[in-house]
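To keep things clear, I will list the structure first and then write my remarks on it.
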Amino acid sequence: YFTLRIVNDGDELAANVVVDNPIPEETIYVEGSAGGEKSEILFSIDEGNNFAAAEALQYEFTKFNGEKELRRAKVDMYTTVRWVVEDVPPGGQEELFFQVRVN
């Protein structure tokens, strides 16, 4: 279980705060375990180059006949979790979290 705490030490509202956390090697993300208040949660399957919501995360699969198709990514393909936190008020903090299991 991983917990990240972000703190706004400034005197202005921090808006659309982006936090990325790689999923440790030899582990697999536990589906549905990521959370954080006021956060949009996105995932990457390419080491953080591209992100999408879990239900929209796709990869290109090549069939035996060479035809390509898009398939929904499986959780064992996830490499990075991203939170986009709506806002953190001055002096405020947010807690972000996710779980993994050892592969």
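Please note that chains go A, B, ... in the order of the structure tokens, that every chain numbers its residues from 1, and that ligands are numbered from 1 in the order shown.
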Hey, what's within 9 Å of A:Glu31 if we count only C-alpha atoms and toss same-chain stuff fewer than 3 positions away? As a PyMOL selection string, please?
chain A and resi 28+34+75+99-100
What is the atom CA of A:Val7-atom CA of A:Pro90 distance in Å, reported with one decimal?
8.6 Å
Could you list, as a ChimeraX atom specification, every residue within 6 Å of A:Ile45, counting only C-alpha atoms and ignoring same-chain residues fewer than 3 positions away?
/A:77-79
When distances are computed from only C-alpha atoms, which of A:Lys68, A:Val88, A:Asn103, A:Ala56 shows the smallest separation from A:Arg5?
A:Val88
All residues 8 Å or closer to A:Phe98, only C-alpha atoms, same chain fewer than 3 positions away omitted, as a PyMOL selection string
chain A and resi 1-3+29-30+33-35
